[in-house]
Amino acid sequence: MKQPINKKSSPDSKLQTTTPQSEIYLNRELSQLAFNRRVLALAEDASVPLLERLRYLCIVSSNLDEFFEGRIASLLARNRVDGTLVEPPALTASLERTSAECHQIIEKQYAILNDEVLPQLSAKGIRLLRHQDRNEAQRAWVKAFFDREVRPLLTPIGLDPAHPFPQVVNKSLNFIVELSGKDAFGRGTAIAIVKAPRVLPRVIRLPDQLSKNGVTFCLLSSIIHAHITDLFTGRNVVAFSQFRVTRNSDLWVDEEEVKNLRQALQSELHSRQFGVAVRLEVAKNCPPHLANFLLEQFSINKNRLYAVDGPVNMVRLTELIEHASQPALRFPVFSPAYPPKLAQGDIFTLLKNEDVLLHHPYQSFQPVLDFIRSAANDPDVVAIKHTIYRTGMNSDVMDSLITAALRGKEVTVIVELMARFDEEANINWANRLERVGAQVVYGVVGLKTHAKIALVIRREDNELRYYAHLGTGNYHPTTTKLYTDFGLLTANPALTAEVNEIFIHLTSLTKPKKLHHLWLAPFALQKEFIKAIRNEARIAREGRPGRIIAKMNALLDESVIRALYAASSDGVKIDLIVRGACALKPGVRGLSENIRVRSIVSRFLEHSRIFYFRNDLAHDVYLSSADWMNRNLFRRIEVAFPVLNKSLKNRVIEEGLNLYLKDNADAWELEPSGLYQKRKSRSKQMAFSAQQYLMQTLGSPTSDTGE
């Protein structure tokens, strides 16, 4: 956040241009890490089922991977000159604070794993055995497995001028080995590198006859660890350690030179595995001289070295969760409800009469899939237009779009090829769509298409009628069951006509027509948000109640924050529900004393973006795919759409906002210092969880929510 506050560019801001940034904004990286502390608290919570506690530990590891691959890598990349890292003092200080916080989080993470989760799982009959814990029969089986399945795939590399340090793939498991004695050619090569086979599972289940009263697992890293000396006949293994390198995973293409974005990305995908190294993880007992050798090889600063007490890739313990079958150690099964009105008759007939609001995952995403499938098979549908950001390798939506194209309908799909970690899946879908005659567009180079919109055009009574779906989340079969999101199915001409204009804009690259209902980034979204905030401030200055409630994943845009500060100073009451990083300082006298910030962290990942402005009892409600971040407002194609139907608007306010402000079971409140405090109820009977309430009231009547 290097942009200075400019009073002229922000007329409603009462902040002085000389005010230090640290007094106005919270550190973005530390705020992002604070979210992982809140997730870690779930792993530490004894009331959470054991396998879910392990899953939360894995989620923290996955989040930290992405934090280093994305955010830290980006900060370092900005300060490279001719390939050499040049850290300005401010960046160095920030990275040191970030590194210290990461070390604390990781140390606590492994302590929870080793001292609580694994021992308690063992007591429940799920054992993850290290070499020293295995009995003679188990060791014999592991030795046979190593000789049969692992050793043939290992290729140790002894380092010398003819055998340079090998290419190490991003986040792969490897071993560094120190040897004594002479090699077969009489030379004293001292260091060898062993890459673990990527084709093998990381968690191996032992035969049931070797397990008493339960199931037994061991890690691939433990198997290699136990038999690594077998790889170096005639040499003595002095020391060794597993290690893992995290690299910059951003893909880059030259926007001015690229002629075909899909082809350019296909050639770049492989290079992602070998980006600039930004973090090194080793075993806790790794000798310092071996760790230093690796740091030198990868040109990594020592403060980004992490010596861990366990597997260097805890994410892979997810495999153990999937193998374990004890239902009592998981969250009770939850079945989302299918709204009854959608199960009765034709969906297009229903939408002619009323809009349908869906609140996922409490209500099923299946109606959206049925909407696209019905359109694909309906002879009266002439065209389907769709944006795709993340959809996964298997997708009912994409299958329906392919069916529609095969049936001769005009199918236009805007596939975002730069969706991080989904590039390959999206490229494959783009290829399949083009082969069946669909028109595929890759968005706008330099701007990710993040909007979640679909349009169906149907011929009715010799006229074309539009039907649309607008949402806050991805068309992804997995995340729709795990993330909270809202979706709107509508035939309202005021909205659907503008959805069509957005598609025309994105495919033709012409200037979009003026939109009266939808707010579109990067052209108008930030301006409209700030305009709505300033309107509440004006209302408050005139002596009437000003009220803003907003829910999002992250709040980092400085212009929006300044507008919120100014509105707070004018007396607007502001509640912000921000799941992750938040740079705004709440509750500061003279700056933000009318602003409260809370974060909800629970079973489902909070993903909805909801923006409420009281507006003199007009009660404006907008849903969006965008957070209040600079990248969403200016570097992405995003859409915010109003909920116009009064009853549906009231549902969003109640289900998406009021219940979350009432939550005292899963809520954390942000202090001006940047620390979060868990909101606690006075008694167990008074505890209220918004997610649990919504599971009970919106979920399927047959759901077992454990209540």
# chains A, B, ... in the order shown; residues from 1 in each chain; ligands from 1
$ residues_around --residues "Gly543 (chain A)" --least-positions-apart "3" --cutoff "12 Å" --atoms "only C-alpha atoms" --output "PDB file with N, CA and C atoms, in the first residue's frame"
ATOM      1  N   GLU A 536     -24.653   7.814   1.803  1.00  0.00           N
ATOM      2  CA  GLU A 536     -25.001   7.566   3.208  1.00  0.00           C
ATOM      3  C   GLU A 536     -24.407   8.647   4.103  1.00  0.00           C
ATOM      4  N   ALA A 537     -23.199   9.109   3.773  1.00  0.00           N
ATOM      5  CA  ALA A 537     -22.578  10.183   4.553  1.00  0.00           C
ATOM      6  C   ALA A 537     -23.394  11.468   4.435  1.00  0.00           C
ATOM      7  N   ARG A 538     -23.860  11.781   3.217  1.00  0.00           N
ATOM      8  CA  ARG A 538     -24.695  12.981   3.025  1.00  0.00           C
ATOM      9  C   ARG A 538     -25.971  12.886   3.852  1.00  0.00           C
ATOM     10  N   ILE A 539     -26.605  11.722   3.812  1.00  0.00           N
ATOM     11  CA  ILE A 539     -27.839  11.517   4.578  1.00  0.00           C
ATOM     12  C   ILE A 539     -27.578  11.732   6.065  1.00  0.00           C
ATOM     13  N   ALA A 540     -26.445  11.213   6.548  1.00  0.00           N
ATOM     14  CA  ALA A 540     -26.114  11.371   7.970  1.00  0.00           C
ATOM     15  C   ALA A 540     -25.856  12.832   8.314  1.00  0.00           C
ATOM     16  N   GLY A 546     -27.739   7.107   8.636  1.00  0.00           N
ATOM     17  CA  GLY A 546     -26.935   6.527   7.563  1.00  0.00           C
ATOM     18  C   GLY A 546     -26.478   5.144   8.004  1.00  0.00           C
ATOM     19  N   ASP A 570     -18.871  11.230   9.583  1.00  0.00           N
ATOM     20  CA  ASP A 570     -20.140  11.940   9.402  1.00  0.00           C
ATOM     21  C   ASP A 570     -21.294  11.290  10.163  1.00  0.00           C
ATOM     22  N   GLY A 571     -21.008  10.175  10.839  1.00  0.00           N
ATOM     23  CA  GLY A 571     -22.026   9.549  11.679  1.00  0.00           C
ATOM     24  C   GLY A 571     -22.704   8.334  11.110  1.00  0.00           C
ATOM     25  N   VAL A 572     -22.229   7.828   9.982  1.00  0.00           N
ATOM     26  CA  VAL A 572     -22.819   6.626   9.405  1.00  0.00           C
ATOM     27  C   VAL A 572     -22.407   5.413  10.234  1.00  0.00           C
ATOM     28  N   ASP A 616     -32.088   6.132   2.890  1.00  0.00           N
ATOM     29  CA  ASP A 616     -33.399   6.699   3.255  1.00  0.00           C
ATOM     30  C   ASP A 616     -34.535   5.688   3.068  1.00  0.00           C
TER      31      ASP A 616
END
$ select_by_dssp --residues "region 236-465 of chain A" --states "strand (DSSP E)" --output "ChimeraX atom specification"
/A:236-247,277-283,305-308,356-360,381-388,410-415,439-441,448-449,452-460,463-465
$ closest_residue --among "A:Phe146, A:Pro152, A:Ile191, A:Thr92" --to "Pro164 (chain A)" --atoms "only C-alpha atoms"
A:Ile191
$ closest_residue --among "A:Ser625, A:Thr216, A:Asn114, A:Thr484" --to "Gln363 (chain A)" --atoms "only C-alpha atoms"
A:Thr484
$ residues_around --residues "Pro672 (chain A)" --least-positions-apart "6" --cutoff "8 Å" --atoms "only C-alpha atoms" --output "list in words"
Lys585, Pro586, Gly587 and Val588 of chain A
$ write_last_selection --atoms "all heavy atoms" --output "mmCIF file, in the first residue's frame"
data_model
loop_
_atom_site.group_PDB
_atom_site.id
_atom_site.type_symbol
_atom_site.label_atom_id
_atom_site.label_comp_id
_atom_site.auth_asym_id
_atom_site.auth_seq_id
_atom_site.Cartn_x
_atom_site.Cartn_y
_atom_site.Cartn_z
ATOM 1 N N LYS A 585 -8.803 0.047 9.761
ATOM 2 C CA LYS A 585 -8.720 0.017 11.218
ATOM 3 C C LYS A 585 -10.057 0.457 11.806
ATOM 4 O O LYS A 585 -10.448 1.616 11.661
ATOM 5 C CB LYS A 585 -7.623 0.965 11.718
ATOM 6 C CG LYS A 585 -6.216 0.471 11.532
ATOM 7 C CD LYS A 585 -5.239 1.402 12.260
ATOM 8 C CE LYS A 585 -3.841 0.845 12.256
ATOM 9 N NZ LYS A 585 -2.908 1.668 13.066
ATOM 10 N N PRO A 586 -10.781 -0.425 12.470
ATOM 11 C CA PRO A 586 -12.078 -0.029 13.030
ATOM 12 C C PRO A 586 -11.930 0.566 14.427
ATOM 13 O O PRO A 586 -10.935 0.342 15.126
ATOM 14 C CB PRO A 586 -12.824 -1.367 13.105
ATOM 15 C CG PRO A 586 -11.733 -2.363 13.384
ATOM 16 C CD PRO A 586 -10.509 -1.866 12.660
ATOM 17 N N GLY A 587 -12.930 1.341 14.820
ATOM 18 C CA GLY A 587 -13.034 1.792 16.202
ATOM 19 C C GLY A 587 -11.984 2.774 16.659
ATOM 20 O O GLY A 587 -11.745 2.904 17.866
ATOM 21 N N VAL A 588 -11.337 3.490 15.720
ATOM 22 C CA VAL A 588 -10.327 4.481 16.095
ATOM 23 C C VAL A 588 -11.013 5.833 16.267
ATOM 24 O O VAL A 588 -11.676 6.320 15.346
ATOM 25 C CB VAL A 588 -9.213 4.574 15.028
ATOM 26 C CG1 VAL A 588 -8.202 5.655 15.415
ATOM 27 C CG2 VAL A 588 -8.522 3.223 14.869
#
$ residues_around --residues "Ala376 (chain A)" --least-positions-apart "2" --cutoff "9 Å" --atoms "only C-alpha atoms" --output "ChimeraX atom specification"
/A:371-374,378-379,381,383-384,400-405,407,409
$ write_last_selection --atoms "N, CA and C atoms" --output "JSON list (two decimals), in the first residue's frame"
[["chain", "number", "residue", "atom", "x", "y", "z"],
["A", 371, "PHE", "N", -30.97, -25.28, -14.89],
["A", 371, "PHE", "CA", -31.28, -24.13, -15.74],
["A", 371, "PHE", "C", -30.49, -24.20, -17.05],
["A", 372, "ILE", "N", -29.18, -24.46, -16.93],
["A", 372, "ILE", "CA", -28.34, -24.54, -18.13],
["A", 372, "ILE", "C", -28.65, -25.81, -18.93],
["A", 373, "ARG", "N", -28.88, -26.93, -18.22],
["A", 373, "ARG", "CA", -29.22, -28.18, -18.91],
["A", 373, "ARG", "C", -30.54, -28.05, -19.67],
["A", 374, "SER", "N", -31.55, -27.44, -19.02],
["A", 374, "SER", "CA", -32.84, -27.24, -19.68],
["A", 374, "SER", "C", -32.69, -26.38, -20.92],
["A", 378, "ASP", "N", -33.76, -27.45, -24.67],
["A", 378, "ASP", "CA", -35.02, -26.80, -25.06],
["A", 378, "ASP", "C", -34.94, -26.35, -26.52],
["A", 379, "PRO", "N", -35.84, -26.84, -27.38],
["A", 379, "PRO", "CA", -35.78, -26.45, -28.79],
["A", 379, "PRO", "C", -36.06, -24.97, -29.01],
["A", 381, "VAL", "N", -34.81, -22.54, -27.16],
["A", 381, "VAL", "CA", -33.63, -21.75, -26.79],
["A", 381, "VAL", "C", -32.72, -21.66, -28.02],
["A", 383, "ALA", "N", -29.84, -19.43, -27.99],
["A", 383, "ALA", "CA", -28.46, -19.05, -27.66],
["A", 383, "ALA", "C", -28.23, -19.12, -26.16],
["A", 384, "ILE", "N", -26.99, -19.44, -25.79],
["A", 384, "ILE", "CA", -26.54, -19.43, -24.40],
["A", 384, "ILE", "C", -25.20, -18.71, -24.36],
["A", 400, "SER", "N", -23.24, -29.38, -20.41],
["A", 400, "SER", "CA", -24.48, -28.86, -20.98],
["A", 400, "SER", "C", -24.20, -27.87, -22.10],
["A", 401, "LEU", "N", -23.16, -27.06, -21.95],
["A", 401, "LEU", "CA", -22.81, -26.10, -23.00],
["A", 401, "LEU", "C", -22.35, -26.84, -24.26],
["A", 402, "ILE", "N", -21.63, -27.93, -24.08],
["A", 402, "ILE", "CA", -21.21, -28.74, -25.22],
["A", 402, "ILE", "C", -22.44, -29.35, -25.91],
["A", 403, "THR", "N", -23.37, -29.86, -25.09],
["A", 403, "THR", "CA", -24.61, -30.41, -25.65],
["A", 403, "THR", "C", -25.36, -29.35, -26.45],
["A", 404, "ALA", "N", -25.45, -28.14, -25.90],
["A", 404, "ALA", "CA", -26.15, -27.06, -26.59],
["A", 404, "ALA", "C", -25.52, -26.76, -27.94],
["A", 405, "ALA", "N", -24.19, -26.72, -27.97],
["A", 405, "ALA", "CA", -23.50, -26.45, -29.23],
["A", 405, "ALA", "C", -23.76, -27.57, -30.24],
["A", 407, "ARG", "N", -26.34, -29.32, -30.45],
["A", 407, "ARG", "CA", -27.73, -29.22, -30.90],
["A", 407, "ARG", "C", -27.96, -28.00, -31.80],
["A", 409, "LYS", "N", -27.27, -24.73, -31.19],
["A", 409, "LYS", "CA", -27.54, -23.43, -30.56],
["A", 409, "LYS", "C", -26.28, -22.55, -30.62]]
$ residues_around --residues "region 201-211 of chain A" --least-positions-apart "3" --cutoff "8 Å" --atoms "only C-alpha atoms" --output "JSON, numbers by chain"
{"A": [137, 138, 141, 198, 214, 215, 216, 217, 218, 219, 220, 221, 316, 317, 319, 320]}
$ write_last_selection --atoms "all heavy atoms" --output "short mmCIF file (atom, residue, chain, number, x, y, z; two decimals), in the first residue's frame"
data_model
loop_
_atom_site.label_atom_id
_atom_site.label_comp_id
_atom_site.auth_asym_id
_atom_site.auth_seq_id
_atom_site.Cartn_x
_atom_site.Cartn_y
_atom_site.Cartn_z
N ALA A 137 6.64 -56.73 12.04
CA ALA A 137 5.85 -57.13 10.87
C ALA A 137 5.55 -55.93 9.98
O ALA A 137 5.59 -56.03 8.74
CB ALA A 137 4.55 -57.79 11.34
N GLN A 138 5.27 -54.82 10.59
CA GLN A 138 4.98 -53.61 9.81
C GLN A 138 6.23 -53.13 9.07
O GLN A 138 6.17 -52.71 7.92
CB GLN A 138 4.45 -52.52 10.74
CG GLN A 138 3.05 -52.82 11.29
CD GLN A 138 2.68 -51.92 12.44
OE1 GLN A 138 3.55 -51.32 13.10
NE2 GLN A 138 1.37 -51.82 12.72
N TRP A 141 6.76 -55.27 6.02
CA TRP A 141 5.85 -54.91 4.92
C TRP A 141 6.31 -53.63 4.25
O TRP A 141 6.30 -53.53 3.01
CB TRP A 141 4.42 -54.74 5.45
CG TRP A 141 3.43 -54.50 4.35
CD1 TRP A 141 2.73 -55.44 3.66
CD2 TRP A 141 3.07 -53.23 3.79
NE1 TRP A 141 1.95 -54.84 2.70
CE2 TRP A 141 2.13 -53.48 2.75
CE3 TRP A 141 3.43 -51.91 4.06
CZ2 TRP A 141 1.56 -52.47 1.99
CZ3 TRP A 141 2.87 -50.89 3.30
CH2 TRP A 141 1.96 -51.16 2.27
N ARG A 198 6.49 -38.51 -7.96
CA ARG A 198 5.25 -37.74 -7.89
C ARG A 198 4.04 -38.60 -8.22
O ARG A 198 2.90 -38.22 -7.91
CB ARG A 198 5.34 -36.55 -8.83
CG ARG A 198 6.49 -35.59 -8.48
CD ARG A 198 6.66 -34.52 -9.53
NE ARG A 198 5.56 -33.59 -9.54
CZ ARG A 198 5.33 -32.71 -10.52
NH1 ARG A 198 6.13 -32.69 -11.58
NH2 ARG A 198 4.31 -31.89 -10.46
N GLY A 214 -8.34 -51.05 14.21
CA GLY A 214 -8.36 -49.80 13.46
C GLY A 214 -7.62 -49.91 12.15
O GLY A 214 -7.47 -51.00 11.59
N VAL A 215 -7.16 -48.77 11.63
CA VAL A 215 -6.41 -48.73 10.37
C VAL A 215 -5.08 -48.03 10.62
O VAL A 215 -4.96 -47.16 11.50
CB VAL A 215 -7.20 -47.99 9.27
CG1 VAL A 215 -8.41 -48.80 8.84
CG2 VAL A 215 -7.63 -46.60 9.73
N THR A 216 -4.08 -48.45 9.86
CA THR A 216 -2.73 -47.92 10.03
C THR A 216 -2.23 -47.35 8.71
O THR A 216 -2.40 -47.98 7.65
CB THR A 216 -1.78 -49.01 10.53
OG1 THR A 216 -2.26 -49.52 11.76
CG2 THR A 216 -0.37 -48.45 10.73
N PHE A 217 -1.62 -46.19 8.77
CA PHE A 217 -1.06 -45.53 7.60
C PHE A 217 0.39 -45.17 7.87
O PHE A 217 0.83 -45.04 9.02
CB PHE A 217 -1.82 -44.24 7.28
CG PHE A 217 -3.29 -44.43 7.03
CD1 PHE A 217 -4.22 -44.31 8.05
CD2 PHE A 217 -3.75 -44.71 5.75
CE1 PHE A 217 -5.57 -44.48 7.81
CE2 PHE A 217 -5.10 -44.87 5.49
CZ PHE A 217 -6.02 -44.76 6.53
N CYS A 218 1.13 -44.99 6.81
CA CYS A 218 2.44 -44.36 6.92
C CYS A 218 2.64 -43.46 5.71
O CYS A 218 1.99 -43.62 4.68
CB CYS A 218 3.56 -45.39 7.05
SG CYS A 218 3.73 -46.49 5.65
N LEU A 219 3.53 -42.51 5.85
CA LEU A 219 3.77 -41.54 4.80
C LEU A 219 4.86 -42.03 3.86
O LEU A 219 5.80 -42.73 4.28
CB LEU A 219 4.18 -40.19 5.40
CG LEU A 219 3.18 -39.51 6.31
CD1 LEU A 219 3.76 -38.21 6.87
CD2 LEU A 219 1.88 -39.22 5.58
N LEU A 220 4.76 -41.66 2.60
CA LEU A 220 5.81 -41.99 1.64
C LEU A 220 7.14 -41.44 2.11
O LEU A 220 8.19 -42.10 1.98
CB LEU A 220 5.45 -41.43 0.27
CG LEU A 220 6.48 -41.67 -0.83
CD1 LEU A 220 6.64 -43.16 -1.12
CD2 LEU A 220 6.10 -40.90 -2.10
N SER A 221 7.12 -40.24 2.68
CA SER A 221 8.37 -39.65 3.17
C SER A 221 8.99 -40.51 4.26
O SER A 221 10.22 -40.66 4.34
CB SER A 221 8.12 -38.23 3.69
OG SER A 221 7.12 -38.23 4.69
N ARG A 316 -0.76 -32.86 2.07
CA ARG A 316 -0.95 -34.23 1.61
C ARG A 316 -1.63 -35.12 2.64
O ARG A 316 -2.08 -36.22 2.31
CB ARG A 316 0.39 -34.83 1.21
CG ARG A 316 1.00 -34.23 -0.05
CD ARG A 316 0.05 -34.33 -1.24
NE ARG A 316 0.72 -33.99 -2.49
CZ ARG A 316 1.18 -34.86 -3.35
NH1 ARG A 316 1.03 -36.15 -3.12
NH2 ARG A 316 1.78 -34.47 -4.45
N LEU A 317 -1.74 -34.69 3.90
CA LEU A 317 -2.47 -35.47 4.89
C LEU A 317 -3.96 -35.48 4.60
O LEU A 317 -4.71 -36.24 5.22
CB LEU A 317 -2.21 -34.92 6.30
CG LEU A 317 -0.80 -35.15 6.85
CD1 LEU A 317 -0.67 -34.59 8.25
CD2 LEU A 317 -0.43 -36.62 6.83
N GLU A 319 -5.08 -36.84 2.12
CA GLU A 319 -5.28 -38.20 1.64
C GLU A 319 -5.68 -39.13 2.78
O GLU A 319 -6.49 -40.05 2.59
CB GLU A 319 -4.00 -38.71 0.97
CG GLU A 319 -3.63 -37.96 -0.30
CD GLU A 319 -2.31 -38.44 -0.89
OE1 GLU A 319 -1.94 -39.61 -0.66
OE2 GLU A 319 -1.64 -37.66 -1.58
N LEU A 320 -5.13 -38.90 3.97
CA LEU A 320 -5.50 -39.72 5.13
C LEU A 320 -6.97 -39.50 5.48
O LEU A 320 -7.70 -40.44 5.79
CB LEU A 320 -4.60 -39.38 6.31
CG LEU A 320 -4.75 -40.24 7.58
CD1 LEU A 320 -3.43 -40.30 8.33
CD2 LEU A 320 -5.83 -39.69 8.52
#
